[in-house]
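The structure file start20.txt is reproduced below (compact mmCIF, C-alpha atoms).
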```txt
# COMPACT_ATOMS: atom_id res chain seq x y z
CA MET A 1 30.99 26.25 38.54
CA ASN A 2 27.73 25.44 36.78
CA ASP A 3 28.52 23.50 33.58
CA SER A 4 24.89 22.76 32.65
CA LYS A 5 25.19 24.79 29.47
CA SER A 6 27.98 22.56 28.19
CA LYS A 7 25.88 19.42 28.47
CA LYS A 8 23.55 18.45 25.69
CA PRO A 9 20.02 18.10 27.08
CA GLU A 10 18.63 14.59 27.09
CA GLN A 11 15.21 13.17 26.48
CA ILE A 12 14.72 10.25 28.86
CA HIS A 13 12.41 7.31 28.33
CA SER A 14 13.34 6.23 31.86
CA GLN A 15 11.05 3.29 32.53
CA VAL A 16 10.24 0.01 30.89
CA GLN A 17 7.03 0.39 28.91
CA PHE A 18 4.56 -2.37 28.08
CA VAL A 19 2.34 -1.43 25.15
CA GLU A 20 -0.50 -3.59 23.86
CA VAL A 21 -0.88 -3.45 20.08
CA GLU A 22 -4.24 -2.11 19.01
CA GLU A 23 -6.10 -3.66 16.08
CA ASP A 24 -5.33 -0.62 13.93
CA ARG A 25 -1.57 -1.29 14.28
CA ALA A 26 -1.78 -4.93 13.23
CA GLY A 27 0.55 -5.63 10.30
CA GLN A 28 2.97 -2.82 11.16
CA ARG A 29 6.65 -3.71 11.40
CA ILE A 30 8.11 -3.57 14.91
CA ASP A 31 10.78 -1.03 13.89
CA ASN A 32 8.19 1.40 12.53
CA PHE A 33 6.03 0.87 15.62
CA LEU A 34 8.97 1.70 17.88
CA LEU A 35 9.80 4.83 15.88
CA SER A 36 6.29 6.09 16.60
CA GLN A 37 6.60 5.26 20.30
CA LEU A 38 10.13 6.60 20.87
CA LYS A 39 10.07 10.07 19.34
CA GLY A 40 13.55 11.41 18.63
CA VAL A 41 15.28 8.02 18.74
CA PRO A 42 17.21 7.40 15.50
CA LYS A 43 16.40 4.33 13.44
CA SER A 44 19.90 2.89 13.97
CA ARG A 45 19.29 2.89 17.73
CA ILE A 46 15.92 1.20 17.23
CA TYR A 47 17.58 -1.58 15.21
CA ARG A 48 20.23 -2.02 17.90
CA ILE A 49 17.82 -2.50 20.81
CA VAL A 50 15.75 -4.96 18.76
CA ARG A 51 18.83 -6.98 17.71
CA LYS A 52 20.13 -7.07 21.30
CA GLY A 53 16.81 -8.48 22.50
CA GLU A 54 15.98 -5.47 24.69
CA VAL A 55 12.65 -5.22 22.87
CA ARG A 56 10.36 -8.18 23.48
CA VAL A 57 7.02 -9.14 21.96
CA ASN A 58 4.94 -11.47 24.14
CA LYS A 59 8.12 -12.02 26.21
CA GLY A 60 10.08 -13.28 23.20
CA ARG A 61 12.78 -11.82 20.96
CA VAL A 62 11.82 -10.69 17.46
CA LYS A 63 13.57 -9.44 14.34
CA VAL A 64 13.15 -5.88 13.05
CA GLU A 65 10.95 -7.08 10.18
CA TYR A 66 8.48 -8.78 12.56
CA LYS A 67 4.91 -7.69 11.80
CA LEU A 68 2.79 -7.00 14.84
CA LYS A 69 -0.52 -8.71 15.57
CA SER A 70 -3.49 -7.24 17.40
CA GLY A 71 -3.12 -7.94 21.12
CA ASP A 72 0.69 -8.37 21.03
CA MET A 73 2.37 -7.06 24.19
CA VAL A 74 5.51 -5.08 23.35
CA ARG A 75 8.20 -4.48 25.99
CA ILE A 76 10.08 -1.23 25.30
CA PRO A 77 13.28 -0.73 27.34
CA PRO A 78 14.41 2.50 29.03
CA ILE A 79 16.40 4.60 26.57
CA ARG A 80 18.23 7.94 26.60
CA VAL A 81 18.73 10.06 23.51
CA ALA A 82 20.05 13.53 22.88
CA GLU A 83 17.11 15.91 22.83
CA ALA A 84 16.02 16.40 19.24
CA LYS A 85 15.99 19.92 17.90
CA GLU A 86 12.78 21.72 18.64
CA LEU A 87 10.38 21.13 15.77
CA ALA A 88 9.91 24.00 13.38
CA LYS A 89 6.44 25.39 13.75
CA PRO A 90 4.14 26.42 10.88
CA SER A 91 3.66 30.16 10.61
CA GLU A 92 0.32 31.67 11.54
CA GLN A 93 -0.35 32.31 7.85
CA LEU A 94 0.44 28.71 6.85
CA SER A 95 -1.57 27.36 9.78
CA GLU A 96 -4.65 29.32 8.76
CA HIS A 97 -4.20 28.31 5.13
CA LEU A 98 -3.90 24.59 5.88
CA LEU A 99 -6.82 24.47 8.29
CA ALA A 100 -8.97 26.21 5.67
CA ALA A 101 -7.66 23.87 2.95
CA VAL A 102 -9.24 20.69 4.37
CA LEU A 103 -11.61 19.53 1.63
CA TYR A 104 -12.98 16.45 3.38
CA GLU A 105 -12.51 14.75 6.73
CA ASP A 106 -13.98 11.88 8.70
CA ASP A 107 -12.59 9.66 11.45
CA ARG A 108 -10.53 7.62 8.94
CA PHE A 109 -8.85 10.13 6.64
CA MET A 110 -8.71 13.68 5.38
CA ILE A 111 -8.04 15.31 2.02
CA ILE A 112 -6.25 18.65 1.82
CA ASN A 113 -5.83 21.12 -1.03
CA LYS A 114 -2.04 21.40 -0.69
CA PRO A 115 -0.58 24.79 -1.61
CA SER A 116 2.20 25.00 -4.19
CA GLY A 117 5.65 25.51 -2.66
CA LEU A 118 5.04 23.29 0.38
CA ALA A 119 6.81 19.92 0.46
CA VAL A 120 4.65 17.03 1.64
CA HIS A 121 7.23 16.14 4.31
CA GLY A 122 10.45 17.47 5.78
CA GLY A 123 13.94 16.28 4.84
CA SER A 124 16.67 17.17 2.33
CA GLY A 125 16.99 20.69 3.67
CA VAL A 126 13.23 21.12 4.27
CA ASN A 127 12.51 21.66 7.97
CA LEU A 128 8.76 21.60 7.78
CA GLY A 129 6.42 19.85 5.38
CA LEU A 130 2.69 19.32 5.12
CA ILE A 131 2.54 16.24 7.33
CA GLU A 132 4.68 17.75 10.11
CA SER A 133 2.54 20.90 10.02
CA MET A 134 -0.73 18.95 10.23
CA ARG A 135 0.53 16.86 13.16
CA GLN A 136 1.20 20.07 15.07
CA LEU A 137 -2.05 21.71 14.02
CA ARG A 138 -4.12 18.62 14.87
CA PRO A 139 -2.49 17.20 18.04
CA GLU A 140 -5.73 15.39 18.95
CA CYS A 141 -5.16 13.05 15.97
CA ARG A 142 -2.97 10.25 17.32
CA TYR A 143 -2.15 8.91 13.85
CA LEU A 144 -1.55 11.02 10.73
CA GLU A 145 0.32 9.55 7.75
CA LEU A 146 0.62 10.59 4.12
CA VAL A 147 -1.17 8.19 1.79
CA HIS A 148 0.66 9.37 -1.34
CA ARG A 149 2.82 12.29 -2.45
CA LEU A 150 2.75 15.40 -4.57
CA ASP A 151 5.76 17.32 -5.84
CA LYS A 152 6.53 20.46 -3.87
CA ASP A 153 5.44 22.79 -6.68
CA THR A 154 2.23 20.87 -7.46
CA SER A 155 -0.94 21.97 -5.69
CA GLY A 156 -4.15 20.11 -5.02
CA CYS A 157 -5.66 16.97 -3.51
CA ILE A 158 -3.55 14.94 -1.13
CA MET A 159 -4.79 12.26 1.25
CA ILE A 160 -3.74 11.83 4.89
CA ALA A 161 -4.79 8.69 6.78
CA LYS A 162 -5.97 9.00 10.37
CA LYS A 163 -5.99 5.23 10.92
CA ARG A 164 -3.50 2.60 9.90
CA SER A 165 -6.31 0.41 8.56
CA MET A 166 -7.34 3.23 6.20
CA LEU A 167 -3.73 3.72 5.13
CA ARG A 168 -3.52 0.04 4.20
CA TYR A 169 -6.83 0.18 2.34
CA LEU A 170 -5.87 3.27 0.31
CA HIS A 171 -2.41 1.88 -0.49
CA ALA A 172 -4.09 -1.29 -1.82
CA GLN A 173 -6.47 0.85 -3.90
CA LEU A 174 -3.57 2.87 -5.30
CA ARG A 175 -1.68 -0.29 -6.26
CA SER A 176 -4.72 -1.82 -7.99
CA GLY A 177 -5.71 1.34 -9.85
CA GLY A 178 -8.77 1.85 -7.67
CA VAL A 179 -7.90 5.50 -7.02
CA GLN A 180 -8.46 7.75 -10.02
CA LYS A 181 -6.37 10.95 -9.99
CA TYR A 182 -7.16 13.86 -12.27
CA TYR A 183 -4.80 16.80 -12.77
CA HIS A 184 -5.26 20.12 -14.54
CA ALA A 185 -2.29 21.48 -16.46
CA LEU A 186 -1.79 24.49 -18.69
CA VAL A 187 0.50 23.59 -21.58
CA THR A 188 2.10 25.47 -24.43
CA GLY A 189 0.55 25.38 -27.90
CA HIS A 190 -2.67 23.97 -29.32
CA TRP A 191 -3.18 20.44 -27.94
CA SER A 192 -5.19 18.42 -30.45
CA VAL A 193 -8.41 16.89 -29.15
CA LYS A 194 -7.38 13.75 -31.04
CA ARG A 195 -4.32 13.24 -28.82
CA ARG A 196 -5.90 11.34 -25.97
CA GLN A 197 -2.91 9.64 -24.44
CA VAL A 198 0.87 9.53 -24.28
CA ASP A 199 2.37 6.06 -23.90
CA GLU A 200 6.14 6.47 -23.55
CA PRO A 201 8.57 4.66 -21.20
CA LEU A 202 10.30 6.89 -18.66
CA CYS A 203 13.75 6.63 -17.12
CA LYS A 204 15.07 8.49 -14.10
CA ASN A 205 18.52 10.09 -14.34
CA GLU A 206 20.28 11.50 -11.29
CA LYS A 207 21.63 14.76 -12.64
CA LEU A 208 22.16 18.45 -12.03
CA GLY A 209 22.44 18.18 -8.25
CA GLU A 210 18.94 19.64 -7.97
CA GLY A 211 17.13 16.34 -7.86
CA ARG A 212 16.00 13.94 -10.53
CA ILE A 213 15.59 14.51 -14.23
CA VAL A 214 13.27 12.11 -16.03
CA ARG A 215 13.56 11.35 -19.74
CA VAL A 216 11.71 9.27 -22.31
CA ALA A 217 13.87 6.20 -22.92
CA GLN A 218 13.08 2.90 -24.59
CA ASP A 219 14.70 1.00 -21.71
CA GLY A 220 12.65 2.94 -19.16
CA LYS A 221 9.58 1.86 -17.20
CA PRO A 222 6.25 1.62 -19.08
CA SER A 223 4.31 4.84 -18.49
CA LEU A 224 0.86 5.92 -19.65
CA THR A 225 -1.00 9.22 -19.22
CA ARG A 226 -4.46 9.94 -20.63
CA PHE A 227 -5.21 13.52 -21.67
CA LYS A 228 -8.39 15.46 -22.37
CA VAL A 229 -8.65 19.03 -23.67
CA LEU A 230 -10.62 21.26 -21.30
CA GLN A 231 -10.13 24.62 -23.03
CA HIS A 232 -8.04 26.08 -25.82
CA TYR A 233 -6.56 29.53 -25.25
CA LYS A 234 -4.48 31.75 -27.46
CA GLY A 235 -1.04 30.09 -27.44
CA CYS A 236 -1.83 27.46 -24.82
CA THR A 237 -4.27 24.73 -23.75
CA LEU A 238 -5.78 23.69 -20.45
CA VAL A 239 -5.79 19.89 -20.28
CA GLU A 240 -6.93 17.24 -17.85
CA ALA A 241 -4.26 14.59 -17.25
CA LYS A 242 -5.04 11.20 -15.79
CA PRO A 243 -1.87 9.20 -14.99
CA ILE A 244 -2.47 5.47 -15.34
CA THR A 245 1.01 4.68 -14.02
CA GLY A 246 2.66 6.69 -11.26
CA ARG A 247 6.16 7.60 -12.41
CA THR A 248 8.12 10.59 -11.13
CA HIS A 249 7.31 13.78 -13.10
CA GLN A 250 5.20 11.65 -15.47
CA ILE A 251 2.68 14.29 -16.59
CA ARG A 252 5.36 16.95 -17.04
CA VAL A 253 7.62 14.75 -19.17
CA HIS A 254 4.81 13.18 -21.22
CA ALA A 255 3.44 16.62 -22.10
CA GLN A 256 6.91 17.95 -22.95
CA CYS A 257 7.84 14.98 -25.14
CA VAL A 258 4.90 15.68 -27.49
CA GLY A 259 5.77 19.37 -27.75
CA HIS A 260 3.46 20.82 -25.10
CA ALA A 261 5.54 21.64 -22.02
CA LEU A 262 3.75 22.78 -18.87
CA ILE A 263 3.61 26.50 -18.22
CA GLY A 264 5.92 27.55 -15.39
CA ASP A 265 7.88 24.29 -15.39
CA PRO A 266 11.51 25.16 -14.51
CA LYS A 267 12.83 21.67 -15.31
CA TYR A 268 11.07 20.54 -18.46
CA GLY A 269 9.46 23.76 -19.64
CA ASP A 270 10.00 26.21 -22.49
CA SER A 271 11.98 29.12 -21.02
CA GLU A 272 10.70 31.65 -23.57
CA ALA A 273 7.08 30.61 -23.07
CA ASN A 274 7.55 30.68 -19.29
CA LYS A 275 8.96 34.19 -19.48
CA ALA A 276 6.05 35.42 -21.61
CA MET A 277 3.45 33.78 -19.38
CA LYS A 278 5.11 35.18 -16.27
CA GLY A 279 4.38 38.60 -17.70
CA LEU A 280 0.69 37.60 -17.70
CA GLY A 281 0.82 36.62 -14.03
CA PHE A 282 1.74 32.91 -14.15
CA ASN A 283 4.53 32.70 -11.58
CA ARG A 284 4.43 29.01 -10.64
CA LEU A 285 4.17 25.56 -12.21
CA PHE A 286 0.67 25.11 -13.60
CA LEU A 287 0.00 21.59 -12.37
CA HIS A 288 -2.89 21.01 -10.00
CA ALA A 289 -4.23 17.75 -8.55
CA ALA A 290 -7.83 18.69 -9.29
CA SER A 291 -9.74 15.64 -8.04
CA LEU A 292 -9.60 12.14 -6.56
CA GLU A 293 -12.13 9.35 -7.01
CA PHE A 294 -12.38 5.93 -5.34
CA VAL A 295 -14.78 3.58 -3.57
CA LEU A 296 -14.96 3.98 0.20
CA PRO A 297 -14.30 0.82 2.24
CA ASP A 298 -17.28 -1.37 3.19
CA THR A 299 -19.58 0.48 0.77
CA GLU A 300 -20.40 0.60 -2.91
CA GLU A 301 -20.33 4.39 -2.76
CA LEU A 302 -18.05 6.17 -5.25
CA PHE A 303 -16.36 8.98 -3.37
CA LYS A 304 -15.06 12.04 -5.24
CA VAL A 305 -13.51 15.26 -4.01
CA THR A 306 -12.47 18.29 -6.06
CA ALA A 307 -9.93 20.98 -5.18
CA PRO A 308 -10.39 24.48 -6.62
CA LEU A 309 -7.47 26.25 -8.29
CA ASP A 310 -5.65 28.73 -6.07
CA GLU A 311 -5.65 32.43 -6.98
CA ARG A 312 -2.13 32.27 -8.42
CA LEU A 313 -3.50 30.04 -11.19
CA ALA A 314 -7.17 31.00 -11.39
CA VAL A 315 -6.69 34.77 -11.69
CA PRO A 316 -4.22 34.82 -14.62
CA LEU A 317 -6.12 31.94 -16.31
CA ALA A 318 -9.28 34.06 -16.34
CA ARG A 319 -7.38 36.78 -18.25
CA LEU A 320 -6.46 34.53 -21.17
CA THR A 321 -8.26 34.71 -24.51
CA ARG A 322 -10.36 31.62 -25.15
CA GLU A 323 -10.43 29.88 -28.51
CA GLY A 324 -12.82 27.30 -29.88
CA GLY A 325 -11.91 23.97 -31.51
```
In structure tokens, how does this file's structure come out?
Amino acid sequence: MNDSKSKKPEQIHSQVQFVEVEEDRAGQRIDNFLLSQLKGVPKSRIYRIVRKGEVRVNKGRVKVEYKLKSGDMVRIPPIRVAEAKELAKPSEQLSEHLLAAVLYEDDRFMIINKPSGLAVHGGSGVNLGLIESMRQLRPECRYLELVHRLDKDTSGCIMIAKKRSMLRYLHAQLRSGGVQKYYHALVTGHWSVKRRQVDEPLCKNEKLGEGRIVRVAQDGKPSLTRFKVLQHYKGCTLVEAKPITGRTHQIRVHAQCVGHALIGDPKYGDSEANKAMKGLGFNRLFLHAASLEFVLPDTEELFKVTAPLDERLAVPLARLTREGG
């Protein structure tokens, strides 16, 4: 009797591998390096083979936190793992959208105008995110990693590194404030041109089972957002928001705490205003990562890229009545 159906298929890394570390991988932890080499192997298994000394670097044992150097020779043992589930594939519509949404690309990184409703990565019930989709759509790119994140419902500019050296550079720029991020948000009410910033500490509370709720709290982390009025409309205002710190939901909570919640915000918004604006065609959170600005490595050139609003925001926005002042 053939019992092949009762056996779980296995993915077999059947031979010892010797991999020389390229310059671009220098500084990467050995556990993260192994995760990229042994697709489908869980992290717990990676830790086990490193601790047992089955993984060697330059013929010697290392700890999981060891940071690789260019030219290191890594011995990777044979390993069997249950075949991972077949990766979810992006639909034809999503594939076409993402390929057309590339705003800039060179051999070091790319910037994509992420659509609203797409998580940046899989996990927590999400089978397929932006990064998994791009890895499938661009198999010729050996290295694709998110540089930063955007909330699922936020659209706009997001950076993906194509080299580890560029990932390190952009992370350093983000930490030092070298990357300027500008968002466009439509908020309720008449935002005064005199209100140019909101400086309120924010605290994360784990509530509601649907993720995190962030509140203004005096014992929270210092948080600063600069705002600029772009256009007043009847009953609402289009503002530019520039977060100086990078707290979760920072723009949404800072706008709400001064009485100007974002249109279409299900968590921090005004339900009556959202209902009225939905009748005008606004059926998603109006928060868009409009542009990024930073200095490219090894140059003095200031690089800037801008992402246009998608139709779900641009079309209803064009219908609103403009006001001066």
Point-to-point distance from CA of Leu296 (chain A) to CA of Arg108 (chain A), Å rounded to tenths: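 Separation of CA of Leu296 (chain A) and CA of Arg108 (chain A): 10.5 Å.
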Which one is closest to Ile111 (chain A): A:Glu145, A:Glu140, A:Asp270, A:Asp298? Count only C-alpha atoms.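 Going through A:Glu145, A:Glu140, A:Asp270, A:Asp298 one by one, the smallest distance to Ile111 (chain A) is for A:Glu145.
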Which polymer residues have any atom within 9 Å of an atom of Gly156 (chain A), counting only C-alpha atoms, with same-chain residues fewer than 6 positions away left out, as an MDAnalysis selection string? chainID A and resid 112:116 150 183 287:291 306:310
What does the distance from CA of Asp153 (chain A) to CA of Leu118 (chain A) come to in Å, to one decimal? 7.1 Å
Which one is closest to Gln15 (chain A): A:Arg75, A:Arg226, A:Arg56, A:Lys69? Count all atoms listed in the file.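 Among the listed residues, the smallest separation from Gln15 (chain A) belongs to A:Arg75.
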Counting only C-alpha atoms, select every polymer residue within 7 Å of (-10.0, 8.5, 9.4) as defined in the file's coordinates, and provide the selection as a ChimeraX atom specification. /A:106-110,161-163,166
Set the distance at 7 Å and use only C-alpha atoms: which residues neighbour region 273-286 of chain A once local chain neighbours fewer than 6 positions away are removed? I'd like the list as a PyMOL selection string. chain A and resi 153-154+185-186+262-265+312-313+316
Selection export as a short mmCIF file (atom, residue, chain, number, x, y, z; two decimals), in the coordinates of the input, atoms kept: C-alpha atoms:
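What follows is the written file part.cif:
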```cif
data_model
loop_
_atom_site.label_atom_id
_atom_site.label_comp_id
_atom_site.auth_asym_id
_atom_site.auth_seq_id
_atom_site.Cartn_x
_atom_site.Cartn_y
_atom_site.Cartn_z
CA ASP A 153 5.44 22.79 -6.68
CA THR A 154 2.23 20.87 -7.46
CA ALA A 185 -2.29 21.48 -16.46
CA LEU A 186 -1.79 24.49 -18.69
CA LEU A 262 3.75 22.78 -18.87
CA ILE A 263 3.61 26.50 -18.22
CA GLY A 264 5.92 27.55 -15.39
CA ASP A 265 7.88 24.29 -15.39
CA ARG A 312 -2.13 32.27 -8.42
CA LEU A 313 -3.50 30.04 -11.19
CA PRO A 316 -4.22 34.82 -14.62
#
```
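Minimum distance to Phe294 (chain A) across A:Val239, A:Met159, A:Val198, A:Val193 (counting only C-alpha atoms) occurs at A:Met159.
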